[in-house]
>>> print(open('data.txt').read())   # compact mmCIF, N, CA and C atoms
# COMPACT_ATOMS: atom_id res chain seq x y z
N MET A 58 30.87 59.61 -42.82
CA MET A 58 30.33 60.11 -41.57
C MET A 58 29.55 59.00 -40.87
N ALA A 59 29.72 58.88 -39.57
CA ALA A 59 29.08 57.83 -38.80
C ALA A 59 27.56 58.02 -38.75
N ARG A 60 26.87 56.90 -38.70
CA ARG A 60 25.42 56.95 -38.58
C ARG A 60 25.01 57.55 -37.25
N ALA A 61 25.69 57.19 -36.18
CA ALA A 61 25.38 57.69 -34.85
C ALA A 61 26.67 57.78 -34.05
N THR A 62 26.66 58.67 -33.08
CA THR A 62 27.79 58.79 -32.17
C THR A 62 27.35 58.38 -30.78
N ILE A 63 28.06 57.41 -30.22
CA ILE A 63 27.80 56.91 -28.87
C ILE A 63 28.85 57.54 -27.97
N THR A 64 28.40 58.24 -26.95
CA THR A 64 29.31 58.86 -26.00
C THR A 64 29.25 58.11 -24.69
N VAL A 65 30.40 57.60 -24.27
CA VAL A 65 30.51 56.91 -22.99
C VAL A 65 30.91 57.96 -21.95
N HIS A 66 30.08 58.12 -20.93
CA HIS A 66 30.34 59.09 -19.87
C HIS A 66 31.18 58.38 -18.81
N LEU A 67 32.49 58.64 -18.86
CA LEU A 67 33.45 57.86 -18.08
C LEU A 67 33.19 57.81 -16.58
N PRO A 68 32.89 58.92 -15.89
CA PRO A 68 32.64 58.80 -14.45
C PRO A 68 31.44 57.89 -14.14
N SER A 69 30.38 58.02 -14.93
CA SER A 69 29.19 57.20 -14.72
C SER A 69 29.47 55.74 -15.07
N HIS A 70 30.21 55.53 -16.15
CA HIS A 70 30.55 54.17 -16.56
C HIS A 70 31.37 53.47 -15.48
N ARG A 71 32.37 54.17 -14.99
CA ARG A 71 33.24 53.59 -13.96
C ARG A 71 32.45 53.27 -12.70
N SER A 72 31.64 54.22 -12.27
CA SER A 72 30.84 54.04 -11.05
C SER A 72 29.91 52.83 -11.18
N ARG A 73 29.21 52.74 -12.31
CA ARG A 73 28.27 51.62 -12.51
C ARG A 73 29.01 50.29 -12.62
N ALA A 74 30.10 50.26 -13.36
CA ALA A 74 30.85 49.02 -13.51
C ALA A 74 31.37 48.54 -12.16
N LEU A 75 31.89 49.44 -11.36
CA LEU A 75 32.43 49.04 -10.06
C LEU A 75 31.33 48.63 -9.09
N GLN A 76 30.16 49.25 -9.18
CA GLN A 76 29.03 48.82 -8.35
C GLN A 76 28.68 47.37 -8.63
N LEU A 77 28.74 46.98 -9.88
CA LEU A 77 28.43 45.60 -10.24
C LEU A 77 29.37 44.60 -9.59
N GLU A 78 30.57 45.06 -9.25
CA GLU A 78 31.57 44.20 -8.63
C GLU A 78 31.82 44.58 -7.16
N GLN A 79 30.85 45.23 -6.54
CA GLN A 79 30.89 45.61 -5.13
C GLN A 79 32.09 46.50 -4.77
N ASN A 80 32.58 47.26 -5.73
CA ASN A 80 33.66 48.21 -5.49
C ASN A 80 34.87 47.60 -4.78
N THR A 81 35.17 46.37 -5.09
CA THR A 81 36.32 45.74 -4.46
C THR A 81 37.62 46.33 -5.00
N ALA A 82 38.66 46.22 -4.23
CA ALA A 82 39.97 46.71 -4.66
C ALA A 82 40.41 46.02 -5.95
N GLU A 83 40.13 44.73 -6.04
CA GLU A 83 40.49 43.97 -7.24
C GLU A 83 39.74 44.51 -8.47
N ALA A 84 38.46 44.82 -8.29
CA ALA A 84 37.66 45.35 -9.40
C ALA A 84 38.17 46.72 -9.83
N ILE A 85 38.49 47.57 -8.87
CA ILE A 85 39.00 48.90 -9.18
C ILE A 85 40.29 48.79 -9.99
N GLU A 86 41.18 47.93 -9.55
CA GLU A 86 42.45 47.74 -10.25
C GLU A 86 42.22 47.19 -11.66
N ALA A 87 41.34 46.21 -11.78
CA ALA A 87 41.07 45.61 -13.10
C ALA A 87 40.42 46.62 -14.03
N TYR A 88 39.45 47.37 -13.53
CA TYR A 88 38.79 48.37 -14.37
C TYR A 88 39.80 49.40 -14.87
N ASP A 89 40.53 49.98 -13.94
CA ASP A 89 41.48 51.03 -14.31
C ASP A 89 42.56 50.52 -15.27
N ALA A 90 42.96 49.27 -15.13
CA ALA A 90 44.00 48.72 -15.99
C ALA A 90 43.48 48.39 -17.39
N ASN A 91 42.17 48.16 -17.52
CA ASN A 91 41.63 47.66 -18.79
C ASN A 91 40.71 48.60 -19.53
N ILE A 92 40.28 49.69 -18.92
CA ILE A 92 39.27 50.53 -19.56
C ILE A 92 39.75 51.13 -20.88
N GLY A 93 41.00 51.51 -20.96
CA GLY A 93 41.52 52.09 -22.20
C GLY A 93 41.44 51.12 -23.37
N ASP A 94 41.85 49.89 -23.14
CA ASP A 94 41.80 48.88 -24.19
C ASP A 94 40.36 48.49 -24.52
N TYR A 95 39.51 48.46 -23.51
CA TYR A 95 38.09 48.15 -23.74
C TYR A 95 37.45 49.22 -24.63
N LEU A 96 37.74 50.48 -24.35
CA LEU A 96 37.18 51.56 -25.16
C LEU A 96 37.72 51.50 -26.58
N LYS A 97 38.98 51.13 -26.75
CA LYS A 97 39.53 50.96 -28.10
C LYS A 97 38.78 49.84 -28.82
N PHE A 98 38.52 48.74 -28.12
CA PHE A 98 37.73 47.65 -28.69
C PHE A 98 36.37 48.16 -29.16
N LEU A 99 35.67 48.90 -28.29
CA LEU A 99 34.35 49.42 -28.67
C LEU A 99 34.44 50.34 -29.88
N LYS A 100 35.44 51.20 -29.90
CA LYS A 100 35.61 52.12 -31.03
C LYS A 100 35.86 51.35 -32.32
N ASP A 101 36.71 50.33 -32.25
CA ASP A 101 37.00 49.53 -33.43
C ASP A 101 35.76 48.80 -33.93
N GLU A 102 35.03 48.18 -33.01
CA GLU A 102 33.80 47.47 -33.39
C GLU A 102 32.77 48.43 -33.95
N ALA A 103 32.62 49.58 -33.32
CA ALA A 103 31.65 50.57 -33.78
C ALA A 103 31.96 51.03 -35.20
N SER A 104 33.23 51.27 -35.47
CA SER A 104 33.59 51.76 -36.80
C SER A 104 33.25 50.74 -37.88
N ARG A 105 33.28 49.47 -37.55
CA ARG A 105 32.90 48.42 -38.51
C ARG A 105 31.41 48.46 -38.85
N HIS A 106 30.63 49.10 -37.96
CA HIS A 106 29.19 49.20 -38.16
C HIS A 106 28.76 50.63 -38.46
N ASP A 107 29.74 51.45 -38.79
CA ASP A 107 29.50 52.85 -39.16
C ASP A 107 28.97 53.69 -38.00
N TYR A 108 29.41 53.37 -36.78
CA TYR A 108 29.13 54.18 -35.61
C TYR A 108 30.44 54.79 -35.12
N ALA A 109 30.31 55.83 -34.34
CA ALA A 109 31.48 56.42 -33.69
C ALA A 109 31.29 56.30 -32.18
N VAL A 110 32.37 56.05 -31.48
CA VAL A 110 32.35 56.03 -30.01
C VAL A 110 33.33 57.07 -29.53
N LYS A 111 32.86 57.90 -28.62
CA LYS A 111 33.74 58.87 -27.99
C LYS A 111 33.48 58.84 -26.49
N THR A 112 34.31 59.53 -25.75
CA THR A 112 34.15 59.57 -24.30
C THR A 112 34.12 61.01 -23.83
N ASP A 113 33.55 61.20 -22.65
CA ASP A 113 33.64 62.49 -22.00
C ASP A 113 33.71 62.26 -20.49
N ASN A 114 33.89 63.33 -19.77
CA ASN A 114 34.00 63.24 -18.31
C ASN A 114 32.76 63.77 -17.62
N THR A 115 31.63 63.69 -18.30
CA THR A 115 30.36 64.12 -17.73
C THR A 115 29.81 63.00 -16.85
N ASP A 116 29.32 63.37 -15.68
CA ASP A 116 28.77 62.39 -14.75
C ASP A 116 27.25 62.43 -14.85
N PHE A 117 26.69 61.71 -15.83
CA PHE A 117 25.26 61.61 -16.03
C PHE A 117 24.73 60.38 -15.29
N GLU A 118 23.41 60.29 -15.20
CA GLU A 118 22.80 59.10 -14.62
C GLU A 118 23.07 57.88 -15.50
N GLY A 119 23.00 58.07 -16.81
CA GLY A 119 23.28 56.99 -17.74
C GLY A 119 24.77 56.89 -18.02
N VAL A 120 25.19 55.72 -18.43
CA VAL A 120 26.62 55.53 -18.71
C VAL A 120 26.99 55.92 -20.14
N PHE A 121 25.99 56.07 -20.99
CA PHE A 121 26.25 56.50 -22.36
C PHE A 121 25.06 57.28 -22.89
N SER A 122 25.31 58.04 -23.93
CA SER A 122 24.24 58.71 -24.66
C SER A 122 24.52 58.52 -26.15
N ILE A 123 23.47 58.64 -26.93
CA ILE A 123 23.59 58.42 -28.37
C ILE A 123 23.05 59.63 -29.11
N ASN A 124 23.84 60.11 -30.05
CA ASN A 124 23.44 61.24 -30.86
C ASN A 124 23.25 60.76 -32.30
N ASP A 125 22.05 60.96 -32.81
CA ASP A 125 21.75 60.65 -34.20
C ASP A 125 20.67 61.63 -34.65
N THR A 126 20.41 61.65 -35.94
CA THR A 126 19.44 62.60 -36.47
C THR A 126 18.00 62.21 -36.20
N ASP A 127 17.75 60.94 -35.90
CA ASP A 127 16.37 60.53 -35.64
C ASP A 127 16.30 59.43 -34.59
N HIS A 128 15.11 59.20 -34.10
CA HIS A 128 14.89 58.21 -33.05
C HIS A 128 15.24 56.79 -33.52
N ALA A 129 14.88 56.46 -34.73
CA ALA A 129 15.17 55.11 -35.25
C ALA A 129 16.67 54.85 -35.28
N GLY A 130 17.44 55.85 -35.68
CA GLY A 130 18.90 55.70 -35.69
C GLY A 130 19.46 55.51 -34.30
N LYS A 131 18.92 56.25 -33.33
CA LYS A 131 19.35 56.09 -31.94
C LYS A 131 19.04 54.69 -31.44
N LYS A 132 17.85 54.21 -31.76
CA LYS A 132 17.45 52.88 -31.31
C LYS A 132 18.34 51.80 -31.93
N THR A 133 18.66 51.94 -33.20
CA THR A 133 19.52 50.97 -33.87
C THR A 133 20.91 50.95 -33.22
N ALA A 134 21.44 52.13 -32.94
CA ALA A 134 22.75 52.22 -32.29
C ALA A 134 22.69 51.63 -30.88
N HIS A 135 21.61 51.91 -30.16
CA HIS A 135 21.44 51.35 -28.82
C HIS A 135 21.37 49.83 -28.88
N ASP A 136 20.61 49.30 -29.82
CA ASP A 136 20.49 47.85 -29.97
C ASP A 136 21.85 47.23 -30.27
N TRP A 137 22.65 47.88 -31.13
CA TRP A 137 23.98 47.37 -31.42
C TRP A 137 24.84 47.37 -30.16
N LEU A 138 24.81 48.48 -29.43
CA LEU A 138 25.62 48.59 -28.22
C LEU A 138 25.26 47.51 -27.21
N GLU A 139 24.00 47.17 -27.12
CA GLU A 139 23.54 46.13 -26.19
C GLU A 139 24.09 44.75 -26.56
N THR A 140 24.53 44.56 -27.79
CA THR A 140 25.10 43.27 -28.19
C THR A 140 26.58 43.16 -27.84
N GLN A 141 27.19 44.25 -27.43
CA GLN A 141 28.62 44.26 -27.12
C GLN A 141 28.85 43.84 -25.67
N PRO A 142 29.95 43.18 -25.40
CA PRO A 142 30.24 42.77 -24.02
C PRO A 142 30.52 43.99 -23.15
N ASP A 143 30.14 43.90 -21.88
CA ASP A 143 30.53 44.97 -20.98
C ASP A 143 32.01 44.77 -20.62
N VAL A 144 32.56 45.72 -19.90
CA VAL A 144 33.99 45.66 -19.60
C VAL A 144 34.36 44.36 -18.88
N TRP A 145 33.51 43.86 -17.99
CA TRP A 145 33.83 42.65 -17.22
C TRP A 145 33.81 41.41 -18.09
N ASN A 146 32.92 41.37 -19.05
CA ASN A 146 32.87 40.21 -19.96
C ASN A 146 33.89 40.31 -21.07
N TRP A 147 34.43 41.49 -21.29
CA TRP A 147 35.45 41.68 -22.32
C TRP A 147 36.86 41.37 -21.81
N ILE A 148 37.15 41.66 -20.55
CA ILE A 148 38.51 41.51 -20.03
C ILE A 148 39.01 40.09 -20.31
N PRO A 149 40.15 40.00 -20.99
CA PRO A 149 40.69 38.68 -21.35
C PRO A 149 41.08 37.84 -20.14
>>> encode(input="data.txt", output="structure tokens")
Amino acid sequence: MARATITVHLPSHRSRALQLEQNTAEAIEAYDANIGDYLKFLKDEASRHDYAVKTDNTDFEGVFSINDTDHAGKKTAHDWLETQPDVWNWIP
């Protein structure tokens, strides 16, 4: 069983990622073409650290939420997530 579950809220993630790139047509195309593989990368990396990554279609203010049994576990998962590249730095 995973130590923590990180949920990426896809509408919020997409909106924030595209804002960073000024919502250009090129950014929209690149995001949409690569998000599936990026999420697979995150899931694979997370599993190596005993975390789970899932997605939902909830439009929250934050782009992700973390579920764990205690605050320390949430913080550890958050710290790990912060070390991962964002979609723009991951795209090959």
>>> atom_distance(input="data.txt", atom1="CA of Ser104 (chain A)", atom2="CA of Ala87 (chain A)")
25.6 Å
>>> residues_around(input="data.txt", residues="Leu75 (chain A)", least_positions_apart="3", cutoff="8 Å", atoms="only C-alpha atoms", output="list in words")
Arg71, Ser72, Glu78, Gln79, Asn80, Thr81, Ala84, Ile85 and Tyr88 of chain A
>>> atom_distance(input="data.txt", atom1="atom N of Phe98 (chain A)", atom2="atom N of Thr115 (chain A)")
19.2 Å
>>> closest_residue(input="data.txt", among="A:Thr62, A:Thr140, A:Asn146, A:Asn91", to="Lys111 (chain A)", atoms="only C-alpha atoms")
A:Thr62
>>> atom_distance(input="data.txt", atom1="CA of Glu102 (chain A)", atom2="atom C of Glu139 (chain A)")
12.2 Å
>>> residues_around(input="data.txt", residues="region 127-131 of chain A", least_positions_apart="4", cutoff="7 Å", atoms="only N, CA and C atoms", output="list of chain:residue names")
A:Arg60, A:Ala61, A:Ile123, A:His135, A:Asp136
>>> closest_residue(input="data.txt", among="A:Ala59, A:Val65, A:Val144, A:Ala90", to="Phe121 (chain A)", atoms="only C-alpha atoms")
A:Val65
>>> closest_residue(input="data.txt", among="A:Leu96, A:Ile148, A:Glu86, A:Thr133", to="Tyr108 (chain A)", atoms="only C-alpha atoms")
A:Thr133
>>> select_by_dssp(input="data.txt", residues="region 64-136 of chain A", states="strand (DSSP E)", output="MDAnalysis selection string")
chainID A and resid 64:66 108:113 121:124
>>> closest_residue(input="data.txt", among="A:Asp125, A:Asp116, A:Asp89, A:Asp107", to="Met58 (chain A)", atoms="only C-alpha atoms")
A:Asp107
>>> residues_around(input="data.txt", residues="Val120 (chain A)", least_positions_apart="3", cutoff="8 Å", atoms="all atoms listed in the file", output="list of chain:residue names")
A:Thr64, A:Val65, A:His66, A:Leu67, A:Pro68, A:Ser69, A:His70, A:Arg71, A:Arg73, A:Asp116, A:Phe117
>>> write_last_selection(input="data.txt", atoms="N, CA and C atoms", output="tab-separated table (two decimals), in the frame of the given file")
chain	number	residue	atom	x	y	z
A	64	THR	N	28.40	58.24	-26.95
A	64	THR	CA	29.31	58.86	-26.00
A	64	THR	C	29.25	58.11	-24.69
A	65	VAL	N	30.40	57.60	-24.27
A	65	VAL	CA	30.51	56.91	-22.99
A	65	VAL	C	30.91	57.96	-21.95
A	66	HIS	N	30.08	58.12	-20.93
A	66	HIS	CA	30.34	59.09	-19.87
A	66	HIS	C	31.18	58.38	-18.81
A	67	LEU	N	32.49	58.64	-18.86
A	67	LEU	CA	33.45	57.86	-18.08
A	67	LEU	C	33.19	57.81	-16.58
A	68	PRO	N	32.89	58.92	-15.89
A	68	PRO	CA	32.64	58.80	-14.45
A	68	PRO	C	31.44	57.89	-14.14
A	69	SER	N	30.38	58.02	-14.93
A	69	SER	CA	29.19	57.20	-14.72
A	69	SER	C	29.47	55.74	-15.07
A	70	HIS	N	30.21	55.53	-16.15
A	70	HIS	CA	30.55	54.17	-16.56
A	70	HIS	C	31.37	53.47	-15.48
A	71	ARG	N	32.37	54.17	-14.99
A	71	ARG	CA	33.24	53.59	-13.96
A	71	ARG	C	32.45	53.27	-12.70
A	73	ARG	N	29.21	52.74	-12.31
A	73	ARG	CA	28.27	51.62	-12.51
A	73	ARG	C	29.01	50.29	-12.62
A	116	ASP	N	29.32	63.37	-15.68
A	116	ASP	CA	28.77	62.39	-14.75
A	116	ASP	C	27.25	62.43	-14.85
A	117	PHE	N	26.69	61.71	-15.83
A	117	PHE	CA	25.26	61.61	-16.03
A	117	PHE	C	24.73	60.38	-15.29
>>> select_by_dssp(input="data.txt", residues="chain A", states="helix (DSSP H, G or I)", output="VMD selection string")
chain A and resid 67 to 77 82 to 105 128 to 139 144 to 147
>>> write_last_selection(input="data.txt", atoms="N, CA and C atoms", output="compact mmCIF listing (two decimals), in the coordinates of the input")
# COMPACT_ATOMS: atom_id res chain seq x y z
N LEU A 67 32.49 58.64 -18.86
CA LEU A 67 33.45 57.86 -18.08
C LEU A 67 33.19 57.81 -16.58
N PRO A 68 32.89 58.92 -15.89
CA PRO A 68 32.64 58.80 -14.45
C PRO A 68 31.44 57.89 -14.14
N SER A 69 30.38 58.02 -14.93
CA SER A 69 29.19 57.20 -14.72
C SER A 69 29.47 55.74 -15.07
N HIS A 70 30.21 55.53 -16.15
CA HIS A 70 30.55 54.17 -16.56
C HIS A 70 31.37 53.47 -15.48
N ARG A 71 32.37 54.17 -14.99
CA ARG A 71 33.24 53.59 -13.96
C ARG A 71 32.45 53.27 -12.70
N SER A 72 31.64 54.22 -12.27
CA SER A 72 30.84 54.04 -11.05
C SER A 72 29.91 52.83 -11.18
N ARG A 73 29.21 52.74 -12.31
CA ARG A 73 28.27 51.62 -12.51
C ARG A 73 29.01 50.29 -12.62
N ALA A 74 30.10 50.26 -13.36
CA ALA A 74 30.85 49.02 -13.51
C ALA A 74 31.37 48.54 -12.16
N LEU A 75 31.89 49.44 -11.36
CA LEU A 75 32.43 49.04 -10.06
C LEU A 75 31.33 48.63 -9.09
N GLN A 76 30.16 49.25 -9.18
CA GLN A 76 29.03 48.82 -8.35
C GLN A 76 28.68 47.37 -8.63
N LEU A 77 28.74 46.98 -9.88
CA LEU A 77 28.43 45.60 -10.24
C LEU A 77 29.37 44.60 -9.59
N ALA A 82 38.66 46.22 -4.23
CA ALA A 82 39.97 46.71 -4.66
C ALA A 82 40.41 46.02 -5.95
N GLU A 83 40.13 44.73 -6.04
CA GLU A 83 40.49 43.97 -7.24
C GLU A 83 39.74 44.51 -8.47
N ALA A 84 38.46 44.82 -8.29
CA ALA A 84 37.66 45.35 -9.40
C ALA A 84 38.17 46.72 -9.83
N ILE A 85 38.49 47.57 -8.87
CA ILE A 85 39.00 48.90 -9.18
C ILE A 85 40.29 48.79 -9.99
N GLU A 86 41.18 47.93 -9.55
CA GLU A 86 42.45 47.74 -10.25
C GLU A 86 42.22 47.19 -11.66
N ALA A 87 41.34 46.21 -11.78
CA ALA A 87 41.07 45.61 -13.10
C ALA A 87 40.42 46.62 -14.03
N TYR A 88 39.45 47.37 -13.53
CA TYR A 88 38.79 48.37 -14.37
C TYR A 88 39.80 49.40 -14.87
N ASP A 89 40.53 49.98 -13.94
CA ASP A 89 41.48 51.03 -14.31
C ASP A 89 42.56 50.52 -15.27
N ALA A 90 42.96 49.27 -15.13
CA ALA A 90 44.00 48.72 -15.99
C ALA A 90 43.48 48.39 -17.39
N ASN A 91 42.17 48.16 -17.52
CA ASN A 91 41.63 47.66 -18.79
C ASN A 91 40.71 48.60 -19.53
N ILE A 92 40.28 49.69 -18.92
CA ILE A 92 39.27 50.53 -19.56
C ILE A 92 39.75 51.13 -20.88
N GLY A 93 41.00 51.51 -20.96
CA GLY A 93 41.52 52.09 -22.20
C GLY A 93 41.44 51.12 -23.37
N ASP A 94 41.85 49.89 -23.14
CA ASP A 94 41.80 48.88 -24.19
C ASP A 94 40.36 48.49 -24.52
N TYR A 95 39.51 48.46 -23.51
CA TYR A 95 38.09 48.15 -23.74
C TYR A 95 37.45 49.22 -24.63
N LEU A 96 37.74 50.48 -24.35
CA LEU A 96 37.18 51.56 -25.16
C LEU A 96 37.72 51.50 -26.58
N LYS A 97 38.98 51.13 -26.75
CA LYS A 97 39.53 50.96 -28.10
C LYS A 97 38.78 49.84 -28.82
N PHE A 98 38.52 48.74 -28.12
CA PHE A 98 37.73 47.65 -28.69
C PHE A 98 36.37 48.16 -29.16
N LEU A 99 35.67 48.90 -28.29
CA LEU A 99 34.35 49.42 -28.67
C LEU A 99 34.44 50.34 -29.88
N LYS A 100 35.44 51.20 -29.90
CA LYS A 100 35.61 52.12 -31.03
C LYS A 100 35.86 51.35 -32.32
N ASP A 101 36.71 50.33 -32.25
CA ASP A 101 37.00 49.53 -33.43
C ASP A 101 35.76 48.80 -33.93
N GLU A 102 35.03 48.18 -33.01
CA GLU A 102 33.80 47.47 -33.39
C GLU A 102 32.77 48.43 -33.95
N ALA A 103 32.62 49.58 -33.32
CA ALA A 103 31.65 50.57 -33.78
C ALA A 103 31.96 51.03 -35.20
N SER A 104 33.23 51.27 -35.47
CA SER A 104 33.59 51.76 -36.80
C SER A 104 33.25 50.74 -37.88
N ARG A 105 33.28 49.47 -37.55
CA ARG A 105 32.90 48.42 -38.51
C ARG A 105 31.41 48.46 -38.85
N HIS A 128 15.11 59.20 -34.10
CA HIS A 128 14.89 58.21 -33.05
C HIS A 128 15.24 56.79 -33.52
N ALA A 129 14.88 56.46 -34.73
CA ALA A 129 15.17 55.11 -35.25
C ALA A 129 16.67 54.85 -35.28
N GLY A 130 17.44 55.85 -35.68
CA GLY A 130 18.90 55.70 -35.69
C GLY A 130 19.46 55.51 -34.30
N LYS A 131 18.92 56.25 -33.33
CA LYS A 131 19.35 56.09 -31.94
C LYS A 131 19.04 54.69 -31.44
N LYS A 132 17.85 54.21 -31.76
CA LYS A 132 17.45 52.88 -31.31
C LYS A 132 18.34 51.80 -31.93
N THR A 133 18.66 51.94 -33.20
CA THR A 133 19.52 50.97 -33.87
C THR A 133 20.91 50.95 -33.22
N ALA A 134 21.44 52.13 -32.94
CA ALA A 134 22.75 52.22 -32.29
C ALA A 134 22.69 51.63 -30.88
N HIS A 135 21.61 51.91 -30.16
CA HIS A 135 21.44 51.35 -28.82
C HIS A 135 21.37 49.83 -28.88
N ASP A 136 20.61 49.30 -29.82
CA ASP A 136 20.49 47.85 -29.97
C ASP A 136 21.85 47.23 -30.27
N TRP A 137 22.65 47.88 -31.13
CA TRP A 137 23.98 47.37 -31.42
C TRP A 137 24.84 47.37 -30.16
N LEU A 138 24.81 48.48 -29.43
CA LEU A 138 25.62 48.59 -28.22
C LEU A 138 25.26 47.51 -27.21
N GLU A 139 24.00 47.17 -27.12
CA GLU A 139 23.54 46.13 -26.19
C GLU A 139 24.09 44.75 -26.56
N VAL A 144 32.56 45.72 -19.90
CA VAL A 144 33.99 45.66 -19.60
C VAL A 144 34.36 44.36 -18.88
N TRP A 145 33.51 43.86 -17.99
CA TRP A 145 33.83 42.65 -17.22
C TRP A 145 33.81 41.41 -18.09
N ASN A 146 32.92 41.37 -19.05
CA ASN A 146 32.87 40.21 -19.96
C ASN A 146 33.89 40.31 -21.07
N TRP A 147 34.43 41.49 -21.29
CA TRP A 147 35.45 41.68 -22.32
C TRP A 147 36.86 41.37 -21.81
>>> build_atoms(input="data.txt", residues="region 109-120 of chain A", atoms="N, CA, C and O atoms", output="mmCIF file, keeping the file's coordinate frame")
data_model
loop_
_atom_site.group_PDB
_atom_site.id
_atom_site.type_symbol
_atom_site.label_atom_id
_atom_site.label_comp_id
_atom_site.auth_asym_id
_atom_site.auth_seq_id
_atom_site.Cartn_x
_atom_site.Cartn_y
_atom_site.Cartn_z
ATOM 1 N N ALA A 109 30.310 55.830 -34.340
ATOM 2 C CA ALA A 109 31.480 56.420 -33.690
ATOM 3 C C ALA A 109 31.290 56.300 -32.180
ATOM 4 O O ALA A 109 30.162 56.417 -31.681
ATOM 5 N N VAL A 110 32.370 56.050 -31.480
ATOM 6 C CA VAL A 110 32.350 56.030 -30.010
ATOM 7 C C VAL A 110 33.330 57.070 -29.530
ATOM 8 O O VAL A 110 34.462 57.135 -30.004
ATOM 9 N N LYS A 111 32.860 57.900 -28.620
ATOM 10 C CA LYS A 111 33.740 58.870 -27.990
ATOM 11 C C LYS A 111 33.480 58.840 -26.490
ATOM 12 O O LYS A 111 32.543 58.175 -26.032
ATOM 13 N N THR A 112 34.310 59.530 -25.750
ATOM 14 C CA THR A 112 34.150 59.570 -24.300
ATOM 15 C C THR A 112 34.120 61.010 -23.830
ATOM 16 O O THR A 112 34.575 61.921 -24.531
ATOM 17 N N ASP A 113 33.550 61.200 -22.650
ATOM 18 C CA ASP A 113 33.640 62.490 -22.000
ATOM 19 C C ASP A 113 33.710 62.260 -20.490
ATOM 20 O O ASP A 113 33.609 61.132 -20.018
ATOM 21 N N ASN A 114 33.890 63.330 -19.770
ATOM 22 C CA ASN A 114 34.000 63.240 -18.310
ATOM 23 C C ASN A 114 32.760 63.770 -17.620
ATOM 24 O O ASN A 114 32.828 64.197 -16.468
ATOM 25 N N THR A 115 31.630 63.690 -18.300
ATOM 26 C CA THR A 115 30.360 64.120 -17.730
ATOM 27 C C THR A 115 29.810 63.000 -16.850
ATOM 28 O O THR A 115 29.812 61.839 -17.241
ATOM 29 N N ASP A 116 29.320 63.370 -15.680
ATOM 30 C CA ASP A 116 28.770 62.390 -14.750
ATOM 31 C C ASP A 116 27.250 62.430 -14.850
ATOM 32 O O ASP A 116 26.575 63.134 -14.098
ATOM 33 N N PHE A 117 26.690 61.710 -15.830
ATOM 34 C CA PHE A 117 25.260 61.610 -16.030
ATOM 35 C C PHE A 117 24.730 60.380 -15.290
ATOM 36 O O PHE A 117 25.494 59.513 -14.866
ATOM 37 N N GLU A 118 23.410 60.290 -15.200
ATOM 38 C CA GLU A 118 22.800 59.100 -14.620
ATOM 39 C C GLU A 118 23.070 57.880 -15.500
ATOM 40 O O GLU A 118 23.354 56.805 -15.031
ATOM 41 N N GLY A 119 23.000 58.070 -16.810
ATOM 42 C CA GLY A 119 23.280 56.990 -17.740
ATOM 43 C C GLY A 119 24.770 56.890 -18.020
ATOM 44 O O GLY A 119 25.501 57.867 -17.875
ATOM 45 N N VAL A 120 25.190 55.720 -18.430
ATOM 46 C CA VAL A 120 26.620 55.530 -18.710
ATOM 47 C C VAL A 120 26.990 55.920 -20.140
ATOM 48 O O VAL A 120 28.154 56.068 -20.450
#
